[in-house]
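K.L.:
Sharing run_20.cif below, mmCIF, C-alpha atoms:
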data_protein
#
loop_
_atom_site.label_atom_id
_atom_site.label_comp_id
_atom_site.auth_asym_id
_atom_site.auth_seq_id
_atom_site.Cartn_x
_atom_site.Cartn_y
_atom_site.Cartn_z
CA MET A 20 47.57 0.57 54.13
CA LYS A 21 44.16 0.87 52.48
CA GLN A 22 43.20 -2.07 50.29
CA LEU A 23 41.93 -0.88 46.91
CA PHE A 24 41.34 -4.20 45.18
CA GLY A 25 40.36 -7.59 46.55
CA ARG A 26 38.19 -10.65 46.14
CA PRO A 27 34.52 -9.64 45.72
CA ASN A 28 31.97 -11.03 48.16
CA GLY A 29 30.31 -12.69 45.20
CA LEU A 30 33.14 -15.27 45.29
CA THR A 31 34.03 -17.61 48.13
CA ASP A 32 37.49 -17.64 49.68
CA VAL A 33 38.43 -20.89 47.93
CA LEU A 34 41.55 -21.47 45.85
CA GLN A 35 40.50 -22.05 42.23
CA ARG A 36 41.96 -25.04 40.39
CA TYR A 37 42.39 -23.51 36.93
CA CYS A 38 45.60 -23.74 34.90
CA PRO A 39 47.80 -20.62 34.55
CA GLY A 40 46.46 -18.42 31.76
CA CYS A 41 42.97 -19.95 31.75
CA GLY A 42 40.11 -17.50 31.23
CA HIS A 43 37.65 -19.08 33.67
CA GLY A 44 39.04 -17.20 36.66
CA ILE A 45 38.62 -13.86 34.89
CA VAL A 46 34.98 -14.59 34.10
CA HIS A 47 34.35 -15.83 37.64
CA ARG A 48 35.74 -12.57 38.98
CA ILE A 49 33.43 -10.52 36.75
CA ILE A 50 30.33 -12.48 37.73
CA GLY A 51 31.25 -12.39 41.42
CA ASP A 52 31.61 -8.62 41.17
CA LEU A 53 28.26 -8.22 39.38
CA LEU A 54 26.40 -10.28 41.99
CA ILE A 55 27.36 -7.58 44.51
CA LYS A 56 27.10 -4.49 42.29
CA LEU A 57 23.62 -5.47 41.10
CA ASN A 58 22.59 -6.51 44.64
CA ILE A 59 21.39 -9.92 43.47
CA ARG A 60 23.71 -12.33 45.28
CA GLU A 61 21.18 -13.48 47.87
CA CYS A 62 18.52 -14.23 45.26
CA THR A 63 20.79 -15.80 42.63
CA VAL A 64 20.96 -19.48 41.71
CA GLY A 65 23.91 -20.55 39.58
CA ILE A 66 24.15 -23.69 37.48
CA ALA A 67 27.58 -25.33 37.60
CA PRO A 68 28.62 -27.24 34.47
CA VAL A 69 30.40 -30.46 33.74
CA GLY A 70 33.86 -29.48 32.51
CA CYS A 71 36.88 -27.55 33.76
CA SER A 72 34.60 -25.28 35.80
CA VAL A 73 32.81 -28.24 37.38
CA PHE A 74 33.76 -26.87 40.81
CA ALA A 75 32.07 -23.51 40.17
CA ASP A 76 29.62 -24.39 42.93
CA GLU A 77 32.56 -23.97 45.34
CA TYR A 78 33.66 -20.63 43.88
CA PHE A 79 30.49 -18.54 43.54
CA ASN A 80 29.07 -17.21 46.79
CA CYS A 81 25.45 -17.90 45.92
CA ASP A 82 23.16 -20.91 45.76
CA MET A 83 24.45 -23.39 43.17
CA ILE A 84 23.16 -26.56 41.53
CA GLN A 85 25.13 -29.04 39.42
CA PRO A 86 22.91 -30.72 36.81
CA PRO A 87 23.71 -33.59 34.43
CA HIS A 88 26.05 -32.76 31.54
CA GLY A 89 24.49 -30.27 29.12
CA ARG A 90 21.22 -29.83 30.98
CA GLY A 91 21.97 -26.39 32.40
CA PRO A 92 19.34 -24.50 30.34
CA ALA A 93 16.68 -27.09 31.18
CA VAL A 94 17.41 -26.96 34.92
CA SER A 95 17.64 -23.15 34.76
CA THR A 96 14.22 -23.07 33.11
CA GLY A 97 12.70 -25.20 35.85
CA ILE A 98 14.18 -23.08 38.64
CA LYS A 99 13.15 -19.79 37.01
CA ARG A 100 9.59 -20.93 36.36
CA ALA A 101 9.21 -22.28 39.88
CA ARG A 102 10.90 -19.25 41.47
CA PRO A 103 10.58 -16.27 39.11
CA ASP A 104 11.87 -14.05 41.91
CA CYS A 105 15.31 -15.69 41.61
CA ILE A 106 18.05 -14.66 39.22
CA VAL A 107 19.31 -17.78 37.44
CA PHE A 108 22.49 -18.16 35.41
CA SER A 109 23.91 -21.23 33.70
CA TYR A 110 27.71 -21.31 33.36
CA GLN A 111 28.75 -23.66 30.54
CA GLY A 112 31.71 -24.63 28.39
CA ASP A 113 31.59 -25.49 24.69
CA GLY A 114 31.47 -29.25 25.28
CA ASP A 115 28.71 -28.82 27.85
CA LEU A 116 26.62 -26.37 25.83
CA ALA A 117 27.40 -27.02 22.16
CA ALA A 118 27.79 -30.82 22.23
CA ILE A 119 25.61 -32.82 24.61
CA GLY A 120 23.57 -29.72 25.52
CA THR A 121 22.76 -28.51 22.00
CA ALA A 122 19.05 -29.30 22.20
CA GLU A 123 18.66 -27.64 25.60
CA ILE A 124 20.28 -24.35 24.57
CA VAL A 125 18.40 -24.14 21.27
CA HIS A 126 14.97 -24.72 22.77
CA ALA A 127 15.54 -22.47 25.81
CA ALA A 128 16.52 -19.71 23.39
CA ALA A 129 13.55 -20.41 21.12
CA ARG A 130 11.20 -20.10 24.11
CA ASN A 131 12.94 -16.88 25.20
CA GLU A 132 13.27 -18.23 28.73
CA ASN A 133 14.11 -15.43 31.17
CA ILE A 134 17.53 -16.82 32.11
CA THR A 135 21.16 -15.84 31.65
CA ILE A 136 23.64 -18.14 29.89
CA VAL A 137 27.40 -17.68 30.29
CA PHE A 138 29.06 -19.67 27.48
CA ILE A 139 32.84 -20.20 27.64
CA ASN A 140 34.26 -21.03 24.20
CA ASN A 141 37.87 -22.22 24.28
CA ALA A 142 37.50 -24.38 21.16
CA ILE A 143 38.41 -27.64 22.88
CA PHE A 144 37.38 -30.17 25.53
CA GLY A 145 39.52 -28.99 28.44
CA MET A 146 38.89 -31.17 31.49
CA THR A 147 38.93 -34.52 29.70
CA GLY A 148 42.24 -34.08 27.90
CA GLY A 149 41.98 -31.78 24.91
CA GLN A 150 39.70 -33.65 22.53
CA LEU A 151 38.03 -32.09 19.49
CA ALA A 152 34.96 -30.04 20.46
CA PRO A 153 32.04 -28.69 18.42
CA THR A 154 33.87 -25.34 18.44
CA THR A 155 37.36 -26.61 17.43
CA LEU A 156 38.57 -24.58 14.46
CA PRO A 157 39.23 -26.06 11.01
CA GLY A 158 42.79 -27.37 10.96
CA MET A 159 43.15 -27.07 14.73
CA LYS A 160 44.89 -30.02 16.36
CA SER A 161 43.47 -31.90 19.33
CA THR A 162 44.02 -35.30 20.90
CA THR A 163 41.28 -36.71 18.65
CA SER A 164 42.27 -34.71 15.55
CA VAL A 165 46.04 -34.99 15.65
CA GLN A 166 46.37 -33.85 12.02
CA GLY A 167 43.99 -30.96 12.57
CA ARG A 168 40.22 -30.73 12.22
CA ASP A 169 39.27 -32.07 8.80
CA ILE A 170 35.93 -30.55 7.77
CA LYS A 171 35.30 -33.49 5.42
CA LYS A 172 35.45 -35.89 8.35
CA GLN A 173 34.44 -33.84 11.38
CA GLY A 174 32.39 -31.12 9.72
CA TYR A 175 32.50 -27.41 10.45
CA PRO A 176 32.57 -25.86 13.92
CA ILE A 177 29.29 -24.68 15.41
CA LYS A 178 28.97 -20.92 15.75
CA VAL A 179 26.52 -20.74 18.63
CA CYS A 180 25.71 -17.01 18.56
CA GLU A 181 25.03 -17.17 14.84
CA LEU A 182 22.97 -20.36 15.27
CA LEU A 183 20.73 -18.87 17.97
CA ALA A 184 20.45 -15.55 16.13
CA GLY A 185 18.46 -17.42 13.48
CA LEU A 186 15.70 -18.01 16.04
CA ASP A 187 12.94 -15.52 16.80
CA GLY A 188 13.10 -16.06 20.57
CA PRO A 189 16.37 -14.75 22.05
CA TYR A 190 16.49 -11.24 23.49
CA TYR A 191 20.25 -10.74 23.76
CA LEU A 192 23.16 -12.58 22.13
CA VAL A 193 26.73 -11.29 22.23
CA ARG A 194 30.25 -12.65 21.75
CA THR A 195 33.15 -11.20 23.72
CA ALA A 196 36.63 -12.31 24.87
CA VAL A 197 38.89 -12.06 27.92
CA ASN A 198 42.36 -12.01 26.34
CA THR A 199 42.99 -8.25 26.71
CA PRO A 200 42.01 -5.56 29.25
CA LYS A 201 39.71 -3.94 26.67
CA ASN A 202 37.95 -7.22 25.96
CA VAL A 203 37.60 -7.94 29.69
CA ILE A 204 35.88 -4.57 30.15
CA ASN A 205 33.53 -5.31 27.23
CA THR A 206 32.80 -8.75 28.69
CA GLU A 207 31.82 -7.15 31.99
CA LYS A 208 29.46 -4.78 30.16
CA ALA A 209 27.89 -7.67 28.25
CA LEU A 210 27.41 -9.80 31.37
CA LYS A 211 25.89 -6.84 33.20
CA ASN A 212 23.44 -6.35 30.31
CA ALA A 213 22.56 -10.04 30.44
CA PHE A 214 21.78 -9.97 34.16
CA VAL A 215 19.87 -6.68 33.91
CA ASN A 216 17.78 -8.13 31.08
CA GLN A 217 16.74 -10.93 33.42
CA ILE A 218 16.06 -8.53 36.30
CA GLU A 219 13.79 -6.57 33.95
CA ASN A 220 12.08 -9.76 32.68
CA LYS A 221 13.25 -9.24 29.11
CA GLY A 222 13.99 -12.88 28.33
CA PHE A 223 16.84 -15.08 27.15
CA SER A 224 20.37 -13.64 27.22
CA MET A 225 23.59 -15.43 26.30
CA VAL A 226 27.12 -14.09 26.50
CA GLU A 227 29.60 -16.21 24.54
CA ILE A 228 33.14 -15.58 25.79
CA LEU A 229 36.26 -16.57 23.84
CA SER A 230 38.65 -17.89 26.47
CA MET A 231 42.23 -19.14 26.57
CA CYS A 232 43.22 -22.77 27.22
CA PRO A 233 47.05 -22.72 27.16
CA THR A 234 47.42 -26.26 28.52
CA ASN A 235 45.40 -28.03 25.84
CA TRP A 236 46.45 -25.64 23.08
CA GLY A 237 50.10 -26.43 23.87
CA MET A 238 50.96 -22.76 24.32
CA THR A 239 52.21 -20.38 26.95
CA PRO A 240 49.62 -18.05 28.50
CA VAL A 241 51.01 -15.13 26.48
CA GLN A 242 50.91 -17.12 23.22
CA SER A 243 47.33 -18.21 23.92
CA LYS A 244 46.13 -14.61 24.35
CA LYS A 245 47.67 -13.70 21.01
CA TRP A 246 46.14 -16.78 19.37
CA VAL A 247 42.66 -15.62 20.41
CA ASP A 248 43.33 -12.32 18.59
CA ASP A 249 45.10 -13.70 15.53
CA THR A 250 43.11 -16.88 14.90
CA MET A 251 40.05 -17.44 17.02
CA MET A 252 38.40 -14.05 16.48
CA LYS A 253 38.68 -14.43 12.72
CA TYR A 254 36.39 -17.45 12.88
CA TYR A 255 34.31 -16.21 15.80
CA PRO A 256 33.92 -12.43 15.33
CA LEU A 257 33.14 -10.43 18.44
CA GLY A 258 30.00 -8.32 18.67
CA GLU A 259 26.26 -8.32 19.29
CA TYR A 260 24.25 -10.85 17.32
CA ARG A 261 20.89 -9.89 18.83
CA ASN A 262 19.92 -6.99 21.02
CA ARG A 263 16.21 -6.39 21.07
CA ALA A 264 16.65 -3.38 23.36
CA LYS A 265 18.20 -1.58 20.38
CA GLU A 266 15.73 -3.05 17.88
CA GLU A 267 12.79 -1.79 19.94
CA LYS A 268 14.02 1.83 19.95
#
Since I need it in another form, could you write the structure as structure tokens?
P.N.:
Amino acid sequence: MKQLFGRPNGLTDVLQRYCPGCGHGIVHRIIGDLLIKLNIRECTVGIAPVGCSVFADEYFNCDMIQPPHGRGPAVSTGIKRARPDCIVFSYQGDGDLAAIGTAEIVHAAARNENITIVFINNAIFGMTGGQLAPTTLPGMKSTTSVQGRDIKKQGYPIKVCELLAGLDGPYYLVRTAVNTPKNVINTEKALKNAFVNQIENKGFSMVEILSMCPTNWGMTPVQSKKWVDDTMMKYYPLGEYRNRAKEEK
């Protein structure tokens, strides 16, 4: 029997540790596919985060580095400047990028560093037990906001695409999701654009991806996919927030 679908060579043959219904595996699959389709696997350096995807250096079949928490954009900048022939991507969650790594992402974007950022937004700290994150929605419950996020006490969530869109530097900023087949297809298109921008030396690209976290949301995988549609997208609208390729036409 002819095999029509299998694991791309951009991923290693290692069992991933993610919970059922988590979106990380979907995004890994897309990136692994793109490393092969764009013929960049052998020149790519990935930055593994601190968080649920901390073992990404075991999953992607390319050179990987694991920096201190939140420092992905800074380490990516160093690698890209030292080896401009390499394709560099930083894979980060909301706690990694929007909490301890806020300064790094803002300044890398402001400088328009020629790197690719993959930002997974599941609105909660996943690996450490479901605490309130910078992206946790108003009223959303977590282990450190058991009554729901109170904006008077914890402030408003940080909308990263909108924040970076206020800077002059970034070349490409887009928010997608992976809760439906249509959104997965759009996420693949966005990630391809982000990598191609780097190949063509266009500058800083970030793809923010709304992802499910059934375990820490206290939902089934099916419920979590619906929650992304019904609740999360209302606060974090999908779409392009900067695309200089279109602006320049």
K.L.:
Please write as a PyMOL selection string the full residue list that the PyMOL selection byres ((chain A and resi 264) around 10) yields on this file.
P.N.:
chain A and resi 190-191+216+221+261-263+265-268
K.L.:
What are the nearest atom pairs, with distances in Å to one decimal, for all residues of stretch 36-113 of chain A that come at most 12 Å from stretch 149-158 of chain A, using all atoms listed in the file, set out by chain and rising residue number as JSON lines?
P.N.:
{"residue": "A:Gly70", "atom": "CA", "partner": "A:Gly149", "partner_atom": "CA", "distance": 11.4}
{"residue": "A:Cys71", "atom": "CA", "partner": "A:Gly149", "partner_atom": "CA", "distance": 11.1}
{"residue": "A:Gly112", "atom": "CA", "partner": "A:Ala152", "partner_atom": "CA", "distance": 10.1}
{"residue": "A:Asp113", "atom": "CA", "partner": "A:Thr154", "partner_atom": "CA", "distance": 6.7}
K.L.:
Please indicate the distance in Å from atom CA of A:Ala196 to atom CA of A:Lys99, rounded to one decimal place.
P.N.:
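Spanning atom CA of A:Ala196 to atom CA of A:Lys99 is a straight-line distance of 27.5 Å.
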K.L.:
Find the residue from A:Gln242, A:Glu77, A:Cys232, A:Thr199 that sits nearest to A:Gly148; use all atoms listed in the file when measuring.
P.N.:
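When distances to A:Gly148 are compared using all atoms listed in the file, the smallest one comes from A:Cys232.
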K.L.:
For the file shown, what are the residues hit by the PyMOL selection byres ((chain A and resi 244) around 12), laid out as a PyMOL selection string?
P.N.:
chain A and resi 39-42+141+196-200+202+229-233+236+238-243+245-252
K.L.:
Please write as a ChimeraX atom specification the full residue list that the PyMOL selection byres ((chain A and resi 208-215) around 7) yields on this file.
P.N.:
/A:53,135,204-207,216-219,224-226
K.L.:
Please indicate the distance in Å from atom CA of A:Pro86 to atom CA of A:Ile66, rounded to one decimal place.
P.N.:
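Taking atom CA of A:Pro86 and atom CA of A:Ile66, their separation equals 7.2 Å.
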K.L.:
Residues near A:Ile59, anyone? I mean within 10 Å using all atoms listed in the file, not counting same-chain ones fewer than 4 positions away, as a count of residues only.
P.N.:
11
K.L.:
Quick one: pull the distance between atom CA of A:Arg60 and atom CA of A:Ser109, Å, one decimal.
P.N.:
14.6 Å
K.L.:
Within 6 Å of (27.5, -16.3, 25.4) in the file's own coordinates, which protein, DNA or RNA residues have an atom, counting all atoms listed in the file? List them as a list in words.
P.N.:
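Residues found, by chain and rising number: Val137, Phe138, Val193, Arg194, Met225, Val226, Glu227 and Ile228 of chain A.
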K.L.:
With C-alpha atoms retained, export the selected residues as a PDB file, in the coordinates of the input.
P.N.:
ATOM      1  CA  VAL A 137      27.400 -17.680  30.290  1.00  0.00           C
ATOM      2  CA  PHE A 138      29.060 -19.670  27.480  1.00  0.00           C
ATOM      3  CA  VAL A 193      26.730 -11.290  22.230  1.00  0.00           C
ATOM      4  CA  ARG A 194      30.250 -12.650  21.750  1.00  0.00           C
ATOM      5  CA  MET A 225      23.590 -15.430  26.300  1.00  0.00           C
ATOM      6  CA  VAL A 226      27.120 -14.090  26.500  1.00  0.00           C
ATOM      7  CA  GLU A 227      29.600 -16.210  24.540  1.00  0.00           C
ATOM      8  CA  ILE A 228      33.140 -15.580  25.790  1.00  0.00           C
TER       9      ILE A 228
END
K.L.:
With only C-alpha atoms as the basis for distance, which of A:Ile119, A:Cys62, A:Ile49, A:Ala142 is at the shortest distance from A:Pro103?
P.N.:
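So, comparing all the options, the nearest one is A:Cys62.
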K.L.:
Using only C-alpha atoms, which protein or nucleic acid residues come within 8 Å of A:Gly91? Drop anything in the same chain fewer than 2 positions from it, and give the result as a list in words.
P.N.:
Ile66, Ala67, Pro68, Pro86, Pro87, His88, Gly89, Ala93, Val94, Ser95, Ser109, Tyr110, Gln111, Gly120 and Glu123 of chain A
K.L.:
If I put a ball of radius 7 Å at (15.1, -15.5, 18.4) in the file's coordinates, which residues poke into it when counting only C-alpha atoms, written as a compact mmCIF listing (two decimals) with C-alpha atoms, in the frame of the given file?
P.N.:
# COMPACT_ATOMS: atom_id res chain seq x y z
CA ALA A 128 16.52 -19.71 23.39
CA ALA A 129 13.55 -20.41 21.12
CA LEU A 183 20.73 -18.87 17.97
CA ALA A 184 20.45 -15.55 16.13
CA GLY A 185 18.46 -17.42 13.48
CA LEU A 186 15.70 -18.01 16.04
CA ASP A 187 12.94 -15.52 16.80
CA GLY A 188 13.10 -16.06 20.57
CA PRO A 189 16.37 -14.75 22.05
CA TYR A 190 16.49 -11.24 23.49
K.L.:
Nearest to A:Pro92: which of A:Gln173, A:Asn131, A:Asn220, A:Ser164 is it, counting only C-alpha atoms?
P.N.:
A:Asn131
K.L.:
For A:Cys180, which of A:Asn80, A:Asn58, A:Asn28, A:Thr195 is the closest residue, counting all atoms listed in the file?
P.N.:
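Under the stated criterion, the closest residue is A:Thr195.
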K.L.:
Which of these, A:Asn140, A:Gln166, A:Gln22, A:Thr96, has the shortest distance to A:His126 once you count all atoms listed in the file?
P.N.:
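Once distances to A:His126 are computed over all atoms listed in the file, the minimum belongs to A:Thr96.
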